[in-house]
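Student: Pasting a structure here, questions to come.
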Amino acid sequence: MPTVVVMDVSLSMTRPVAVEGSEEYQRKHLAVHGLTMLFEHMATNYKLEFTALVVFSSLWELMVPFTRDYNTLQEALSNMDDYDKTCLESALLGVCNIVQQEWGAAIPCQVVLVTDGCLGIGRGSLRHSLATHNQRSESNRFPLPFPFPSKLYVMCMANLEELQSTDSLDCLERLIDLNNGEGQIFTIDGPLCLKNVQSMFGKLIDLAYTPFHAILKCGHLTSDVQVFPRPEPFIIDEEIDPIPKAINTDLEIVGFVDIADISSPPVLSRHLVLPIALNREGDEVGPGITDDTEDENSANQIAGKIPNFCVLLHGSLKVEGMVAVVQLGPEWYGMLYSQADSKKKSNLMMSLFEPGPEPLPWLGKMAQLGPISDAKENPYGEDDNKSPFPLQPKNKRSYAQNVTVWIKPSGLQTDVQKILRNARKLPEKTQTFYKELNRLRKAALAFGFLDLLKGVADMLERECTLLPDTAHPDAAFQLTHAAQQLKVASTGASEYAAYDHNIAPLQTDFSSSSTERM
């Protein structure tokens, strides 16, 4: 996921730090040292990560837009100037604008805020922003929570004792709380020195920027892979005591399915699956990504000559038009497939389904799927012209039924007119009349529209009085009966007002004699 590094360049960051040696250090120098360590780690292990650099004081500036060139980011660290007071709110607002312009509001993003814990003074300070948080209008809302999925990591160039001597730590913790608790505050353990800064940034790397290495298995075939970006633990909301579920480092392929059968399923996240090249001694060379240096080029050339199951799988899925179902953990599945970036370039991707035994209803339970050879006859037909999917559900889905919708007045008017048309053709249209009447009755009860039932009952009574002399006698009985049933239902105080109750045609001598003639 993209990363935005937000660097504090206010005057408080120029405060000197007592470090052993003759060279004078400022807190800004400690921050630059830590960020350099982070960028070097990402250049080696997170080459596909997009990173931007923002500096701020009372205003903010985008020093480096989103890039994968970490040399540019490190050069920008040495070209930062010092400015005036700290205004954290404007910086967070700038982060919102930058991320939304580049990635929209759906892509998760990590924000690394590097500051010394000084909150600023006066209007625009963090104390002032938090104090006025609840008095703001929607047009002037505080930037947190971010309008996109995010994690906020605060890297303080100060130790815990220094932050606790003021209310700085409480205010920074309030920032994490405003971001829905997504994030963490890191402080320097012990005195301010380069070693302790390295230790602090090392904790951030371990938490958020450690590559996810796994072993992809299919029978006796295996391959060491890196999954990028790192899969986040998933929390099931339905559980009483929700526990984050993390995917296993052993990814086992349990079967293959046609792309047409899997269709376009709902997924939690999508990830690149990159083979990790190993030399003959078993040492890791790195994921199969090219670089400009001669050493890495030669290493990649050597790795390209070694057979790799991940490459075989990618080519097979692409040619056969299939996906591989992979087990991520107990009752948790995903799929591996080939996705083309262009006509000549494609990547092996992994999508994670929601945890559960039946993540895709049209495939049924994953544990009950089996090979075609176990079936008595080929479920795809001899000419591969049919499919056993989708499985038909036992219960009829609500969205598969004819639902009465009265979004516009014309829809309600049409249903009432249909009842009146059938009422004028009684007794020939008795069955259709009661079918439409019960449909309107159930919809009115579901919506709580009891006045409609009384209104239709009055209409039916009026139709009864307007019947011509040549009308069949049974018509008057049926209209009166239907009107009485609707009035009873409109009171809501009788067994006849139950939702499941249907109004049945009134049995009369005329209706029974007509039935006998038929």
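Residues in the structure tokens are numbered from 1 in each chain, the chains being A, B, ... in the order shown, and ligands are numbered from 1 in the order shown.
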Which residues are near Arg230 in chain A? Cut-off 9 Å, only C-alpha atoms, ignore same chain within fewer than 4 positions. Put them as a compact mmCIF listing (two decimals) with N, CA, C and O atoms, in the first residue's frame.
Tutor:
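Generated file (part17.txt):
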# COMPACT_ATOMS: atom_id res chain seq x y z
N MET A 1 0.84 -1.19 0.00
CA MET A 1 0.00 0.00 0.00
C MET A 1 0.88 1.25 0.00
O MET A 1 2.00 1.20 0.51
N ALA A 208 5.36 -2.75 10.07
CA ALA A 208 4.61 -2.37 8.86
C ALA A 208 5.33 -2.67 7.55
O ALA A 208 4.68 -2.68 6.50
N TYR A 209 6.64 -2.89 7.57
CA TYR A 209 7.37 -2.99 6.32
C TYR A 209 8.22 -4.25 6.22
O TYR A 209 9.23 -4.26 5.52
N THR A 210 7.80 -5.28 6.92
CA THR A 210 8.49 -6.56 6.79
C THR A 210 7.87 -7.34 5.64
O THR A 210 6.65 -7.53 5.62
N PRO A 211 8.65 -7.80 4.67
CA PRO A 211 8.08 -8.55 3.54
C PRO A 211 7.41 -9.84 4.04
O PRO A 211 7.85 -10.46 5.01
N PHE A 212 6.32 -10.20 3.37
CA PHE A 212 5.61 -11.44 3.73
C PHE A 212 6.10 -12.55 2.81
O PHE A 212 5.79 -12.57 1.61
N HIS A 213 6.90 -13.46 3.36
CA HIS A 213 7.42 -14.59 2.60
C HIS A 213 6.58 -15.82 2.93
O HIS A 213 6.20 -16.04 4.09
N GLN A 226 7.10 -14.19 -2.39
CA GLN A 226 6.80 -13.01 -1.59
C GLN A 226 5.43 -12.50 -2.00
O GLN A 226 5.16 -12.35 -3.21
N HIS A 271 -3.19 -9.23 -4.20
CA HIS A 271 -1.76 -9.17 -3.92
C HIS A 271 -0.98 -9.76 -5.09
O HIS A 271 -1.45 -10.69 -5.77
Student: Mind giving me the straight-line distance from CA of Ser57 in chain A to CA of Leu169 in chain A in Å, one decimal?
Tutor: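 Taking CA of Ser57 in chain A and CA of Leu169 in chain A, their separation equals 19.2 Å.
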Student: Hey, which of A:Ser137, A:Asn180, A:Gln327, A:Thr470 ends up closest to Val254 in chain A? Count only C-alpha atoms.
Tutor: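 Counting only C-alpha atoms, the residue closest to Val254 in chain A is A:Gln327.
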Student: Find the residues near Leu53 in chain A: any atom within 7 Å, counting only C-alpha atoms, skip ones fewer than 3 places away on the same chain, and give them as a ChimeraX atom specification.
Tutor: /A:4-6,62-65
Student: Skip Phe433 in chain A itself and residues of its chain fewer than 4 positions away, then list as a VMD selection string all residues within 6 Å of it, counting only C-alpha atoms.
Tutor: chain A and resid 419 422 429
Student: Counting only C-alpha atoms, which residue out of A:Asp451, A:Phe201, A:Leu221, A:Pro231 sits closest to Ile247 in chain A?
Tutor: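 Going through A:Asp451, A:Phe201, A:Leu221, A:Pro231 one by one, the smallest distance to Ile247 in chain A is for A:Pro231.
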Student: Which neighbours of Cys156 in chain A fall inside 10 Å, counting only C-alpha atoms, when residues of the same chain fewer than 3 positions from it are skipped, and could you give them as number ranges by chain?
Tutor: A: 27, 31, 113-118, 153, 159-160, 163, 169, 172, 185-188, 197, 200
Student: Residues of the last selection are to be written out with C-alpha atoms, as a PDB file, in the first residue's frame.
Tutor:
ATOM      1  CA  ARG A  27      16.602  16.522  16.104  1.00  0.00           C
ATOM      2  CA  ALA A  31      14.903  12.159  11.883  1.00  0.00           C
ATOM      3  CA  LEU A 113       4.485  11.332  10.741  1.00  0.00           C
ATOM      4  CA  VAL A 114       7.979  12.350  11.940  1.00  0.00           C
ATOM      5  CA  THR A 115       7.944  15.089  14.586  1.00  0.00           C
ATOM      6  CA  ASP A 116       9.566  16.066  17.872  1.00  0.00           C
ATOM      7  CA  GLY A 117       6.333  16.154  19.855  1.00  0.00           C
ATOM      8  CA  CYS A 118       6.044  19.962  19.977  1.00  0.00           C
ATOM      9  CA  TYR A 153       2.439   5.990  12.636  1.00  0.00           C
ATOM     10  CA  ASN A 159      11.803  10.027  24.661  1.00  0.00           C
ATOM     11  CA  LEU A 160       8.764   9.059  26.693  1.00  0.00           C
ATOM     12  CA  LEU A 163       6.561  13.789  26.154  1.00  0.00           C
ATOM     13  CA  LEU A 169       1.678  12.393  24.405  1.00  0.00           C
ATOM     14  CA  LEU A 172      -0.761  12.494  19.899  1.00  0.00           C
ATOM     15  CA  ILE A 185       3.118   6.117  18.493  1.00  0.00           C
ATOM     16  CA  PHE A 186       6.841   5.334  18.605  1.00  0.00           C
ATOM     17  CA  THR A 187       9.214   7.084  21.011  1.00  0.00           C
ATOM     18  CA  ILE A 188      12.982   6.870  21.525  1.00  0.00           C
ATOM     19  CA  VAL A 197      16.706   6.288  16.584  1.00  0.00           C
ATOM     20  CA  MET A 200      12.819   3.047  16.937  1.00  0.00           C
TER      21      MET A 200
END
Student: Quick one: distance from CA of Ser351 in chain A to CA of Ser269 in chain A in Å, one decimal?
Tutor: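 These atoms are spaced 5.8 Å apart.
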Student: Could you tell me how far CA of Ser199 in chain A lies from CA of Gly34 in chain A, in Å and to one decimal?
Tutor: 8.9 Å
Student: Excluding Arg68 in chain A and its own-chain neighbours fewer than 4 positions away, which residues fall within 7 Å of it when counting only C-alpha atoms? Please give them as a short mmCIF file (atom, residue, chain, number, x, y, z; two decimals) with N, CA and C atoms, in the first residue's frame.
Tutor:
data_model
loop_
_atom_site.label_atom_id
_atom_site.label_comp_id
_atom_site.auth_asym_id
_atom_site.auth_seq_id
_atom_site.Cartn_x
_atom_site.Cartn_y
_atom_site.Cartn_z
N LYS A 47 10.44 -2.77 -3.06
CA LYS A 47 10.68 -1.99 -4.27
C LYS A 47 9.40 -1.55 -4.96
N LEU A 48 8.31 -2.27 -4.75
CA LEU A 48 7.06 -1.94 -5.43
C LEU A 48 6.23 -0.91 -4.66
N GLU A 49 6.71 -0.51 -3.50
CA GLU A 49 5.95 0.45 -2.68
C GLU A 49 6.09 1.86 -3.26
N PHE A 50 4.96 2.55 -3.41
CA PHE A 50 4.97 3.96 -3.80
C PHE A 50 5.06 4.81 -2.54
N THR A 51 5.98 5.77 -2.52
CA THR A 51 6.21 6.59 -1.34
C THR A 51 6.28 8.05 -1.75
#
Student: Find the spatial neighbours of Ser490 in chain A, counting only C-alpha atoms, within a cut-off of 7 Å - ignore same-chain residues fewer than 5 positions away - and output them as a PyMOL selection string.
Tutor: chain A and resi 450-451+453-454
Student: Using only C-alpha atoms, which of the listed residues (A:Leu152, A:Val55, A:Leu216, A:Ile276) sits closest to Ser90 in chain A?
Tutor: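 Ranking A:Leu152, A:Val55, A:Leu216, A:Ile276 by distance to Ser90 in chain A, first place goes to A:Val55.
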Student: Quick one: pick out all strand (DSSP E) residues within range 279-462 of chain A from a backbone DSSP run and write them as a ChimeraX atom specification.
Tutor: /A:284-287,322-329,332-340,346-352
